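start31.cif, holding mmCIF, C-alpha atoms:
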```cif
data_entry
#
loop_
_atom_site.group_PDB
_atom_site.id
_atom_site.type_symbol
_atom_site.label_atom_id
_atom_site.label_comp_id
_atom_site.auth_asym_id
_atom_site.auth_seq_id
_atom_site.Cartn_x
_atom_site.Cartn_y
_atom_site.Cartn_z
ATOM 1 C CA ASP A 1 35.376 -199.275 179.442
ATOM 2 C CA ALA A 2 38.085 -197.092 177.893
ATOM 3 C CA GLY A 3 35.712 -194.278 177.048
ATOM 4 C CA VAL A 4 35.705 -192.348 173.784
ATOM 5 C CA ILE A 5 39.176 -192.347 172.274
ATOM 6 C CA GLN A 6 40.385 -189.562 170.023
ATOM 7 C CA SER A 7 43.617 -189.196 168.109
ATOM 8 C CA PRO A 8 45.813 -187.339 167.797
ATOM 9 C CA ARG A 9 45.647 -185.284 171.005
ATOM 10 C CA HIS A 10 47.453 -182.409 169.344
ATOM 11 C CA GLU A 11 47.872 -181.525 165.697
ATOM 12 C CA VAL A 12 49.870 -178.647 164.290
ATOM 13 C CA THR A 13 49.725 -178.126 160.564
ATOM 14 C CA GLU A 14 50.278 -175.470 157.957
ATOM 15 C CA MET A 15 47.500 -173.715 156.130
ATOM 16 C CA GLY A 16 46.386 -175.650 153.085
ATOM 17 C CA GLN A 17 47.268 -179.068 154.444
ATOM 18 C CA GLU A 18 44.792 -181.872 154.961
ATOM 19 C CA VAL A 19 43.955 -182.797 158.538
ATOM 20 C CA THR A 20 42.262 -186.006 159.669
ATOM 21 C CA LEU A 21 40.927 -186.446 163.175
ATOM 22 C CA ARG A 22 39.958 -189.870 164.454
ATOM 23 C CA CYS A 23 37.454 -191.168 166.962
ATOM 24 C CA LYS A 24 36.574 -194.509 168.500
ATOM 25 C CA PRO A 25 33.236 -194.357 170.324
ATOM 26 C CA ILE A 26 32.237 -196.410 173.322
ATOM 27 C CA SER A 27 31.282 -199.900 172.261
ATOM 28 C CA GLY A 28 27.528 -200.325 171.944
ATOM 29 C CA HIS A 29 26.771 -196.640 171.557
ATOM 30 C CA ASP A 30 24.630 -195.884 168.524
ATOM 31 C CA TYR A 31 25.084 -192.116 168.335
ATOM 32 C CA LEU A 32 28.323 -190.346 167.508
ATOM 33 C CA PHE A 33 28.900 -186.594 167.505
ATOM 34 C CA TRP A 34 31.610 -184.213 166.404
ATOM 35 C CA TYR A 35 31.882 -180.898 168.256
ATOM 36 C CA ARG A 36 34.223 -177.943 167.968
ATOM 37 C CA GLN A 37 35.119 -175.744 170.935
ATOM 38 C CA THR A 38 36.611 -172.255 170.802
ATOM 39 C CA MET A 39 36.848 -169.499 173.366
ATOM 40 C CA MET A 40 34.675 -167.239 171.256
ATOM 41 C CA ARG A 41 31.905 -169.648 170.319
ATOM 42 C CA GLY A 42 32.017 -172.357 172.980
ATOM 43 C CA LEU A 43 30.893 -175.858 171.989
ATOM 44 C CA GLU A 44 29.301 -176.201 168.557
ATOM 45 C CA LEU A 45 27.826 -179.327 167.034
ATOM 46 C CA LEU A 46 29.322 -180.079 163.634
ATOM 47 C CA ILE A 47 27.642 -183.350 162.700
ATOM 48 C CA TYR A 48 26.131 -186.420 164.279
ATOM 49 C CA PHE A 49 25.536 -190.012 163.218
ATOM 50 C CA ASN A 50 22.996 -192.618 164.236
ATOM 51 C CA ASN A 51 23.923 -196.218 163.493
ATOM 52 C CA ASN A 52 26.734 -194.966 161.239
ATOM 53 C CA VAL A 53 24.393 -192.817 159.144
ATOM 54 C CA PRO A 54 24.839 -189.020 159.166
ATOM 55 C CA ILE A 55 21.670 -187.435 160.521
ATOM 56 C CA ASP A 56 22.451 -183.742 160.748
ATOM 57 C CA ASP A 57 25.470 -182.063 159.207
ATOM 58 C CA SER A 58 24.084 -178.536 159.257
ATOM 59 C CA GLY A 59 26.827 -177.477 161.660
ATOM 60 C CA MET A 60 29.636 -178.341 159.269
ATOM 61 C CA PRO A 61 31.022 -174.911 158.469
ATOM 62 C CA GLU A 62 32.081 -175.417 154.865
ATOM 63 C CA ASP A 63 32.681 -177.955 152.160
ATOM 64 C CA ARG A 64 36.239 -178.152 153.425
ATOM 65 C CA PHE A 65 34.896 -180.239 156.307
ATOM 66 C CA SER A 66 33.777 -183.827 155.855
ATOM 67 C CA ALA A 67 33.017 -186.663 158.258
ATOM 68 C CA LYS A 68 32.631 -190.375 157.809
ATOM 69 C CA MET A 69 31.643 -193.320 159.937
ATOM 70 C CA PRO A 70 32.523 -196.479 158.015
ATOM 71 C CA ASN A 71 31.581 -198.731 160.941
ATOM 72 C CA ALA A 72 30.245 -198.610 164.471
ATOM 73 C CA SER A 73 33.680 -198.322 166.051
ATOM 74 C CA PHE A 74 35.361 -195.631 163.985
ATOM 75 C CA SER A 75 34.769 -192.143 162.661
ATOM 76 C CA THR A 76 36.892 -189.479 161.007
ATOM 77 C CA LEU A 77 36.610 -185.738 160.607
ATOM 78 C CA LYS A 78 38.622 -184.353 157.727
ATOM 79 C CA ILE A 79 39.499 -180.767 156.908
ATOM 80 C CA GLN A 80 40.888 -180.124 153.444
ATOM 81 C CA PRO A 81 42.361 -177.595 152.927
ATOM 82 C CA SER A 82 42.871 -176.375 156.486
ATOM 83 C CA GLU A 83 42.832 -172.669 157.393
ATOM 84 C CA PRO A 84 44.035 -170.783 160.506
ATOM 85 C CA ARG A 85 40.435 -170.113 161.544
ATOM 86 C CA ASP A 86 39.934 -173.866 161.898
ATOM 87 C CA SER A 87 42.188 -173.797 164.956
ATOM 88 C CA ALA A 88 40.118 -175.157 167.848
ATOM 89 C CA VAL A 89 39.610 -178.187 170.037
ATOM 90 C CA TYR A 90 37.581 -180.857 168.292
ATOM 91 C CA PHE A 91 35.621 -183.274 170.451
ATOM 92 C CA CYS A 92 34.048 -186.558 169.576
ATOM 93 C CA ALA A 93 31.216 -187.833 171.768
ATOM 94 C CA SER A 94 29.017 -190.894 171.794
ATOM 95 C CA SER A 95 25.758 -191.898 173.398
ATOM 96 C CA PHE A 96 23.467 -194.877 173.730
ATOM 97 C CA ARG A 97 19.980 -194.216 172.419
ATOM 98 C CA ALA A 98 18.633 -190.708 172.259
ATOM 99 C CA GLY A 99 16.749 -188.213 174.293
ATOM 100 C CA HIS A 100 17.791 -188.285 177.915
ATOM 101 C CA SER A 101 21.022 -190.240 177.684
ATOM 102 C CA PRO A 102 24.297 -188.590 178.664
ATOM 103 C CA LEU A 103 26.898 -187.680 176.093
ATOM 104 C CA HIS A 104 30.301 -189.235 176.684
ATOM 105 C CA PHE A 105 33.067 -187.012 175.364
ATOM 106 C CA GLY A 106 36.603 -187.867 174.370
ATOM 107 C CA ASN A 107 39.446 -185.651 175.518
ATOM 108 C CA GLY A 108 39.584 -183.836 172.215
ATOM 109 C CA THR A 109 42.115 -182.998 169.527
ATOM 110 C CA ARG A 110 43.690 -179.572 169.788
ATOM 111 C CA LEU A 111 44.219 -178.375 166.215
ATOM 112 C CA THR A 112 46.513 -175.495 165.397
ATOM 113 C CA VAL A 113 46.723 -174.306 161.809
ATOM 114 C CA THR A 114 49.555 -171.882 161.120
ATOM 115 C CA LYS B 115 21.128 -164.541 170.981
ATOM 116 C CA ASN B 116 22.249 -167.557 172.981
ATOM 117 C CA GLN B 117 19.293 -169.472 174.298
ATOM 118 C CA VAL B 118 21.254 -170.600 177.375
ATOM 119 C CA GLU B 119 22.773 -167.967 179.628
ATOM 120 C CA GLN B 120 25.033 -168.828 182.554
ATOM 121 C CA SER B 121 26.146 -166.728 185.479
ATOM 122 C CA PRO B 122 28.502 -165.826 186.858
ATOM 123 C CA GLN B 123 31.071 -166.047 184.098
ATOM 124 C CA SER B 124 33.674 -167.010 186.670
ATOM 125 C CA LEU B 125 34.071 -167.270 190.397
ATOM 126 C CA ILE B 126 36.733 -167.971 192.979
ATOM 127 C CA ILE B 127 35.873 -169.784 196.195
ATOM 128 C CA LEU B 128 37.787 -171.037 199.171
ATOM 129 C CA GLU B 129 38.207 -174.748 199.639
ATOM 130 C CA GLY B 130 35.442 -176.120 201.828
ATOM 131 C CA LYS B 131 32.937 -173.411 200.946
ATOM 132 C CA ASN B 132 29.713 -173.841 198.989
ATOM 133 C CA CYS B 133 28.777 -172.117 195.747
ATOM 134 C CA THR B 134 25.839 -171.922 193.345
ATOM 135 C CA LEU B 135 25.943 -171.502 189.586
ATOM 136 C CA GLN B 136 22.980 -170.237 187.589
ATOM 137 C CA CYS B 137 21.558 -171.161 184.201
ATOM 138 C CA ASN B 138 18.655 -169.405 182.474
ATOM 139 C CA TYR B 139 17.277 -170.663 179.199
ATOM 140 C CA THR B 140 14.703 -169.826 176.567
ATOM 141 C CA VAL B 141 14.847 -173.139 174.677
ATOM 142 C CA SER B 142 11.385 -174.349 173.772
ATOM 143 C CA PRO B 143 9.830 -176.842 173.696
ATOM 144 C CA PHE B 144 11.916 -178.099 176.578
ATOM 145 C CA SER B 145 13.137 -181.681 176.762
ATOM 146 C CA ASN B 146 15.894 -181.852 179.369
ATOM 147 C CA LEU B 147 18.640 -179.868 181.026
ATOM 148 C CA ARG B 148 22.148 -181.149 181.616
ATOM 149 C CA TRP B 149 25.111 -179.984 183.641
ATOM 150 C CA TYR B 150 28.610 -180.928 182.546
ATOM 151 C CA LYS B 151 31.975 -180.451 184.237
ATOM 152 C CA GLN B 152 34.971 -179.762 182.016
ATOM 153 C CA ASP B 153 38.458 -179.939 183.466
ATOM 154 C CA THR B 154 41.207 -178.068 181.640
ATOM 155 C CA GLY B 155 42.431 -180.063 178.659
ATOM 156 C CA ARG B 156 39.703 -182.693 178.984
ATOM 157 C CA GLY B 157 36.305 -183.354 177.495
ATOM 158 C CA PRO B 158 33.096 -182.463 179.363
ATOM 159 C CA VAL B 159 31.776 -185.036 181.812
ATOM 160 C CA SER B 160 28.076 -185.388 182.555
ATOM 161 C CA LEU B 161 26.997 -184.492 186.107
ATOM 162 C CA THR B 162 23.206 -184.525 185.918
ATOM 163 C CA ILE B 163 20.333 -184.735 183.460
ATOM 164 C CA MET B 164 16.886 -183.459 184.438
ATOM 165 C CA THR B 165 13.607 -183.709 182.576
ATOM 166 C CA PHE B 166 10.565 -181.471 182.925
ATOM 167 C CA SER B 167 9.139 -183.456 185.838
ATOM 168 C CA GLU B 168 12.325 -183.417 187.933
ATOM 169 C CA ASN B 169 13.136 -180.394 190.053
ATOM 170 C CA THR B 170 16.247 -181.650 191.805
ATOM 171 C CA LYS B 171 18.971 -184.206 191.204
ATOM 172 C CA SER B 172 22.184 -184.923 193.053
ATOM 173 C CA ASN B 173 25.502 -186.441 192.105
ATOM 174 C CA GLY B 174 27.728 -186.587 195.168
ATOM 175 C CA ARG B 175 28.467 -183.031 196.279
ATOM 176 C CA TYR B 176 26.742 -181.619 193.205
ATOM 177 C CA THR B 177 23.034 -180.805 193.369
ATOM 178 C CA ALA B 178 21.133 -179.438 190.408
ATOM 179 C CA THR B 179 17.722 -177.826 190.573
ATOM 180 C CA LEU B 180 15.290 -177.049 187.805
ATOM 181 C CA ASP B 181 12.339 -174.686 187.667
ATOM 182 C CA ALA B 182 10.762 -175.347 184.289
ATOM 183 C CA ASP B 183 8.167 -172.627 184.826
ATOM 184 C CA THR B 184 10.721 -169.854 185.159
ATOM 185 C CA LYS B 185 13.203 -171.684 182.914
ATOM 186 C CA GLN B 186 15.969 -171.540 185.460
ATOM 187 C CA SER B 187 18.416 -174.082 186.803
ATOM 188 C CA SER B 188 21.134 -173.966 189.400
ATOM 189 C CA LEU B 189 24.088 -176.173 190.260
ATOM 190 C CA HIS B 190 25.129 -176.181 193.892
ATOM 191 C CA ILE B 191 28.558 -177.405 194.917
ATOM 192 C CA THR B 192 28.829 -178.381 198.571
ATOM 193 C CA ALA B 193 32.067 -178.334 200.563
ATOM 194 C CA SER B 194 34.178 -177.492 197.529
ATOM 195 C CA GLN B 195 37.434 -179.293 196.862
ATOM 196 C CA LEU B 196 40.436 -178.276 194.779
ATOM 197 C CA SER B 197 39.369 -180.879 192.201
ATOM 198 C CA ASP B 198 36.150 -178.926 191.646
ATOM 199 C CA SER B 199 38.156 -176.283 189.771
ATOM 200 C CA ALA B 200 36.733 -176.554 186.258
ATOM 201 C CA SER B 201 34.289 -175.064 183.804
ATOM 202 C CA TYR B 202 30.649 -176.002 184.397
ATOM 203 C CA ILE B 203 28.473 -176.031 181.323
ATOM 204 C CA CYS B 204 24.683 -175.934 181.227
ATOM 205 C CA VAL B 205 23.131 -177.665 178.202
ATOM 206 C CA VAL B 206 19.454 -177.571 177.287
ATOM 207 C CA SER B 207 17.775 -179.915 174.843
ATOM 208 C CA ALA B 208 14.726 -179.030 172.801
ATOM 209 C CA GLU B 209 12.021 -181.590 172.200
ATOM 210 C CA SER B 210 12.152 -182.515 168.538
ATOM 211 C CA PRO B 211 12.446 -185.581 166.297
ATOM 212 C CA HIS B 212 16.135 -184.888 166.002
ATOM 213 C CA SER B 213 16.679 -183.550 169.507
ATOM 214 C CA TRP B 214 20.383 -184.260 169.462
ATOM 215 C CA GLY B 215 20.818 -181.509 166.933
ATOM 216 C CA LYS B 216 18.980 -179.113 169.194
ATOM 217 C CA LEU B 217 21.289 -179.189 172.199
ATOM 218 C CA GLN B 218 21.996 -175.600 173.223
ATOM 219 C CA PHE B 219 25.205 -175.025 175.170
ATOM 220 C CA GLY B 220 25.842 -172.273 177.645
ATOM 221 C CA ALA B 221 29.206 -170.526 177.661
ATOM 222 C CA GLY B 222 30.110 -172.080 181.013
ATOM 223 C CA THR B 223 31.062 -170.810 184.448
ATOM 224 C CA GLN B 224 34.744 -171.071 185.308
ATOM 225 C CA VAL B 225 35.152 -172.092 188.947
ATOM 226 C CA VAL B 226 38.478 -171.782 190.752
ATOM 227 C CA VAL B 227 38.801 -173.322 194.198
ATOM 228 C CA THR B 228 41.694 -171.958 196.230
ATOM 229 C CA PRO B 229 43.334 -173.528 199.288
#
```

If you convert what's in this file into structure tokens, what do you get?
Amino acid sequence: DAGVIQSPRHEVTEMGQEVTLRCKPISGHDYLFWYRQTMMRGLELLIYFNNNVPIDDSGMPEDRFSAKMPNASFSTLKIQPSEPRDSAVYFCASSFRAGHSPLHFGNGTRLTVT
Amino acid sequence: KNQVEQSPQSLIILEGKNCTLQCNYTVSPFSNLRWYKQDTGRGPVSLTIMTFSENTKSNGRYTATLDADTKQSSLHITASQLSDSASYICVVSAESPHSWGKLQFGAGTQVVVTP
């Protein structure tokens, strides 16, 4: 099992550019999550999917953020246009079933917007 | 106000020594409490998950305790190793139809193990 795979590992972009982060969850997992981590705010849930359907996107900060899950093995988080305050580490996580199952995190994408 | 408070914020311990991290929460209704270990530059890794009826759970040299009455949990690290240097995050889940959206994260305790 390769675990949750995220790409790219690092992304540096200029303000106003579009950024797309990618995630491949663990095969067989039916929940997928996008988190953002900063020193100031810690880990924050942005959005999560169940069986490819978005369930809760209340954590998405603004309309500039969008997420899709076209199939069970792929998800994207897009920021358009990007701003310096979007600089953070973005984690994707997946889980099998709900409730008391562990979250399996990828190693994150470190985004820097200049 | 954060519903999950961790202490201390950071600590330094000598290799081979034991240490205990604390987590207090106000999340209600309670579903489960999780401890994660996050190495620098990596994603968090699950150590333990405890429900209301469990008051202790071990994972190797890591032992977590839960007192649901006082809403407190601790993570004890026995015979620390250099590889234990990491941030330890306490996460509490509320009981709800969409409980995944109700995970509350603590700010973490940064542990540094020195030779």

Could you write out as JSON the box around range 1-18 of chain A (axis-aligned, all atoms listed in the file, 6 Å on each side), with centre and edge lengths in Å to one decimal?
```
{"center_x": 42.8, "center_y": -186.5, "center_z": 166.3, "size_x": 26.9, "size_y": 37.6, "size_z": 38.4}
```

Task: Chain and number of each residue from the PyMOL selection byres ((chain A and resi 21-24) around 8), as a PyMOL selection string - done: chain A and resi 4-8+19-20+25-26+73-78+92+109

TODO: Taking the file above as input, evaluate the PyMOL selection byres ((chain B) within 8 of (chain A)) and report the hits as an NGL selection string.
DONE: :B and (145-146 or 155-160 or 163 or 165 or 213-215 or 219-221)

Open item on the list: Show me, as a PyMOL selection string, the residues that have an atom within 9 Å of Val141 in chain B when counting all atoms listed in the file, minus same-chain residues fewer than 5 positions from it.
Closed with: chain B and resi 117-118+185+206-208+218

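Between CA of Val225 in chain B and CA of Gln195 in chain B lies a distance of 10.9 Å.
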
- [ ] Could you check how far CA of Asp181 in chain B sits from CA of Asn169 in chain B, in Å to one decimal?
- [x] 6.2 Å

6 Å contact set for range 10-18 of chain A, all atoms listed in the file, chain neighbours under 2 positions out, as a JSON list (two decimals) with C-alpha atoms, keeping the file's coordinate frame:
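Result went into part-v5.json, see below:
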```json
[["chain", "number", "residue", "atom", "x", "y", "z"],
["A", 8, "PRO", "CA", 45.81, -187.34, 167.80],
["A", 79, "ILE", "CA", 39.50, -180.77, 156.91],
["A", 80, "GLN", "CA", 40.89, -180.12, 153.44],
["A", 81, "PRO", "CA", 42.36, -177.60, 152.93],
["A", 82, "SER", "CA", 42.87, -176.38, 156.49],
["A", 83, "GLU", "CA", 42.83, -172.67, 157.39],
["A", 109, "THR", "CA", 42.12, -183.00, 169.53],
["A", 110, "ARG", "CA", 43.69, -179.57, 169.79],
["A", 111, "LEU", "CA", 44.22, -178.38, 166.22],
["A", 112, "THR", "CA", 46.51, -175.50, 165.40],
["A", 113, "VAL", "CA", 46.72, -174.31, 161.81],
["A", 114, "THR", "CA", 49.56, -171.88, 161.12]]
```

- [ ] Find the distance between CA of Thr228 in chain B and CA of Thr170 in chain B and write it in Å to one decimal.
- [x] 27.6 Å

- [ ] Starting from the displayed file, determine the output of the PyMOL selection byres ((chain A and resi 29) around 8) and express the residue list as a ChimeraX atom specification.
- [x] /A:25-28,30-32,94-97

May I have the protein, DNA and RNA residues with an atom at most 8 Å from (24.4, -178.9, 190.2), counting only C-alpha atoms in the file's coordinates, returned as a compact mmCIF listing (two decimals) with C-alpha atoms, keeping the file's coordinate frame?
```
# COMPACT_ATOMS: atom_id res chain seq x y z
CA THR B 134 25.84 -171.92 193.34
CA LEU B 135 25.94 -171.50 189.59
CA TRP B 149 25.11 -179.98 183.64
CA LEU B 161 27.00 -184.49 186.11
CA THR B 162 23.21 -184.52 185.92
CA LYS B 171 18.97 -184.21 191.20
CA SER B 172 22.18 -184.92 193.05
CA ASN B 173 25.50 -186.44 192.10
CA TYR B 176 26.74 -181.62 193.20
CA THR B 177 23.03 -180.80 193.37
CA ALA B 178 21.13 -179.44 190.41
CA THR B 179 17.72 -177.83 190.57
CA SER B 188 21.13 -173.97 189.40
CA LEU B 189 24.09 -176.17 190.26
CA HIS B 190 25.13 -176.18 193.89
CA ILE B 191 28.56 -177.40 194.92
```
